[in-house]
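Read through the structure below, which is laid out as structure tokens, and then see the notes.
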Amino acid sequence: MIAVSLVLLYSCGNEPQPAKSTNNIRMLDDTLLNYHKGKVKSEDQEIEDFIHRYGWKMNKTQTGLRYMIYKQGLGEKAKTGKKAIIRYEIRLIIGDLCYSSEQLGQKQFTIGQGGTEAGVQEGILFMHVGDRAKFIVPSHLAFGLLGDQDKIPPQSTLIYDIELLKLN
């Protein structure tokens, strides 16, 4: 017992330990950042090609969301803090239907307080009650790196067709 205590005492000496290098961490951070920038650029090009192929006239926000209001409503403009009730359809950019209000019912969420994807939260603010719009939501504004663990695969660009039915 005494021998073990002496070994521990001497092995934990008070000599300063050299600082661990952060160069490898910085290199990994730079590599991941460059990879992410490349993925965002590639996804952005895929979205641009899609828009061109269908001839859609879409607006682009600073975050990368594309939106197009194709039917004008006459109602109140959406605002943060209001509860939105929407009819929707969500498709992958390749066309596969993931979810719709016909399957799951209308969706309700409070604007600016979560409850739906960041791209939908952003896009709904361009709408009035009665508007119908298409949103192209890049993966970082939708379900990101993991998808939804059900019908939306990881890193998926989504196409939303939304009708703003009501604001409370």
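The way I read the labels, and the way they are meant: chains A, B, ... in the order of the structure tokens, residue 1 as the first residue of every chain, and ligand 1 as the first ligand shown, with later ones counted on from there.
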
DSSP says strand (DSSP E or B) for which residues of stretch 8-154 of chain A? Put them as number ranges by chain? A: 59-60, 66-71, 77, 83-92, 97-100, 107-110, 128, 132-137

The selected residues should be written to file as a JSON list (two decimals), in the first residue's frame (atoms: N, CA and C atoms).
```json
[["chain", "number", "residue", "atom", "x", "y", "z"],
["A", 59, "ASN", "N", -37.83, 34.69, -55.55],
["A", 59, "ASN", "CA", -36.99, 35.61, -54.79],
["A", 59, "ASN", "C", -36.07, 34.79, -53.90],
["A", 60, "LYS", "N", -34.90, 35.33, -53.61],
["A", 60, "LYS", "CA", -33.93, 34.64, -52.76],
["A", 60, "LYS", "C", -33.61, 35.55, -51.57],
["A", 66, "ARG", "N", -35.66, 30.32, -51.10],
["A", 66, "ARG", "CA", -36.31, 30.85, -52.30],
["A", 66, "ARG", "C", -37.81, 30.80, -52.07],
["A", 67, "TYR", "N", -38.50, 31.85, -52.51],
["A", 67, "TYR", "CA", -39.95, 31.86, -52.37],
["A", 67, "TYR", "C", -40.60, 32.53, -53.56],
["A", 68, "MET", "N", -41.84, 32.10, -53.82],
["A", 68, "MET", "CA", -42.62, 32.64, -54.93],
["A", 68, "MET", "C", -44.08, 32.58, -54.50],
["A", 69, "ILE", "N", -44.72, 33.73, -54.43],
["A", 69, "ILE", "CA", -46.15, 33.77, -54.14],
["A", 69, "ILE", "C", -46.86, 33.73, -55.49],
["A", 70, "TYR", "N", -47.56, 32.63, -55.74],
["A", 70, "TYR", "CA", -48.16, 32.46, -57.05],
["A", 70, "TYR", "C", -49.67, 32.69, -57.05],
["A", 71, "LYS", "N", -50.26, 32.88, -55.87],
["A", 71, "LYS", "CA", -51.67, 33.27, -55.79],
["A", 71, "LYS", "C", -51.79, 34.28, -54.66],
["A", 77, "LYS", "N", -51.46, 40.43, -43.36],
["A", 77, "LYS", "CA", -50.06, 40.02, -43.56],
["A", 77, "LYS", "C", -49.57, 39.28, -42.32],
["A", 83, "LYS", "N", -50.37, 33.23, -34.68],
["A", 83, "LYS", "CA", -50.47, 31.80, -34.94],
["A", 83, "LYS", "C", -50.92, 31.62, -36.38],
["A", 84, "ALA", "N", -50.12, 30.91, -37.16],
["A", 84, "ALA", "CA", -50.43, 30.64, -38.57],
["A", 84, "ALA", "C", -51.06, 29.26, -38.69],
["A", 85, "ILE", "N", -52.07, 29.18, -39.52],
["A", 85, "ILE", "CA", -52.68, 27.90, -39.87],
["A", 85, "ILE", "C", -52.50, 27.75, -41.37],
["A", 86, "ILE", "N", -51.84, 26.65, -41.76],
["A", 86, "ILE", "CA", -51.49, 26.47, -43.16],
["A", 86, "ILE", "C", -51.96, 25.12, -43.70],
["A", 87, "ARG", "N", -52.19, 25.11, -44.99],
["A", 87, "ARG", "CA", -52.34, 23.88, -45.76],
["A", 87, "ARG", "C", -51.01, 23.74, -46.50],
["A", 88, "TYR", "N", -50.49, 22.53, -46.61],
["A", 88, "TYR", "CA", -49.13, 22.38, -47.14],
["A", 88, "TYR", "C", -48.92, 21.05, -47.84],
["A", 89, "GLU", "N", -47.85, 21.04, -48.60],
["A", 89, "GLU", "CA", -47.32, 19.83, -49.21],
["A", 89, "GLU", "C", -45.80, 19.97, -49.18],
["A", 90, "ILE", "N", -45.11, 18.94, -48.75],
["A", 90, "ILE", "CA", -43.65, 18.96, -48.67],
["A", 90, "ILE", "C", -43.12, 17.85, -49.57],
["A", 91, "ARG", "N", -42.24, 18.25, -50.50],
["A", 91, "ARG", "CA", -41.63, 17.29, -51.42],
["A", 91, "ARG", "C", -40.11, 17.43, -51.36],
["A", 92, "LEU", "N", -39.43, 16.34, -51.66],
["A", 92, "LEU", "CA", -37.99, 16.40, -51.89],
["A", 92, "LEU", "C", -37.79, 17.10, -53.23],
["A", 97, "LEU", "N", -43.14, 12.98, -52.68],
["A", 97, "LEU", "CA", -43.97, 13.58, -51.64],
["A", 97, "LEU", "C", -43.58, 13.01, -50.29],
["A", 98, "CYS", "N", -43.32, 13.88, -49.34],
["A", 98, "CYS", "CA", -42.98, 13.46, -47.97],
["A", 98, "CYS", "C", -44.19, 13.57, -47.05],
["A", 99, "TYR", "N", -44.78, 14.76, -46.99],
["A", 99, "TYR", "CA", -45.89, 15.02, -46.08],
["A", 99, "TYR", "C", -46.85, 16.00, -46.74],
["A", 100, "SER", "N", -48.11, 15.94, -46.32],
["A", 100, "SER", "CA", -49.08, 16.92, -46.80],
["A", 100, "SER", "C", -50.18, 17.06, -45.76],
["A", 107, "LYS", "N", -51.53, 22.46, -40.48],
["A", 107, "LYS", "CA", -50.48, 22.68, -39.49],
["A", 107, "LYS", "C", -50.67, 24.05, -38.86],
["A", 108, "GLN", "N", -50.43, 24.13, -37.57],
["A", 108, "GLN", "CA", -50.49, 25.39, -36.84],
["A", 108, "GLN", "C", -49.16, 25.61, -36.13],
["A", 109, "PHE", "N", -48.70, 26.84, -36.14],
["A", 109, "PHE", "CA", -47.50, 27.20, -35.40],
["A", 109, "PHE", "C", -47.51, 28.70, -35.14],
["A", 110, "THR", "N", -46.80, 29.10, -34.11],
["A", 110, "THR", "CA", -46.68, 30.53, -33.80],
["A", 110, "THR", "C", -45.45, 31.05, -34.52],
["A", 128, "HIS", "N", -49.63, 36.79, -47.03],
["A", 128, "HIS", "CA", -50.88, 37.30, -46.49],
["A", 128, "HIS", "C", -51.86, 36.13, -46.42],
["A", 132, "ARG", "N", -50.97, 31.71, -51.74],
["A", 132, "ARG", "CA", -50.36, 30.40, -51.96],
["A", 132, "ARG", "C", -48.95, 30.67, -52.44],
["A", 133, "ALA", "N", -48.01, 29.90, -51.91],
["A", 133, "ALA", "CA", -46.60, 30.14, -52.22],
["A", 133, "ALA", "C", -45.85, 28.83, -52.34],
["A", 134, "LYS", "N", -44.74, 28.90, -53.07],
["A", 134, "LYS", "CA", -43.78, 27.81, -53.12],
["A", 134, "LYS", "C", -42.51, 28.31, -52.44],
["A", 135, "PHE", "N", -41.97, 27.48, -51.56],
["A", 135, "PHE", "CA", -40.68, 27.75, -50.92],
["A", 135, "PHE", "C", -39.74, 26.63, -51.33],
["A", 136, "ILE", "N", -38.53, 27.00, -51.68],
["A", 136, "ILE", "CA", -37.46, 26.01, -51.81],
["A", 136, "ILE", "C", -36.56, 26.25, -50.61],
["A", 137, "VAL", "N", -36.51, 25.24, -49.76],
["A", 137, "VAL", "CA", -35.83, 25.37, -48.47],
["A", 137, "VAL", "C", -34.57, 24.53, -48.48]]
```

Please identify the helix (DSSP H, G or I) residues within stretch 33-126 of chain A (assignment by DSSP from backbone atoms) and present them as a ChimeraX atom specification. /A:33-54,101-104,118-124

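Residue neighbourhood of A:Asp44, excluding near-sequence residues (fewer than 6 positions): Gly38, Phe50, Gly64, Leu65, Pro138 and Thr157 of chain A, at 10 Å, using only C-alpha atoms.
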
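Between atom CA of A:Gly114 and atom CA of A:Ile94 the interatomic distance comes to 26.5 Å.
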
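Each of A:Gly115, A:Gly75, A:Gly123, A:Gly81 was checked against A:Met58 using only C-alpha atoms; the smallest atom-to-atom distance is that of A:Gly123.
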
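The coordinates place atom CA of A:Gly144 at 27.3 Å from atom CA of A:Leu165.
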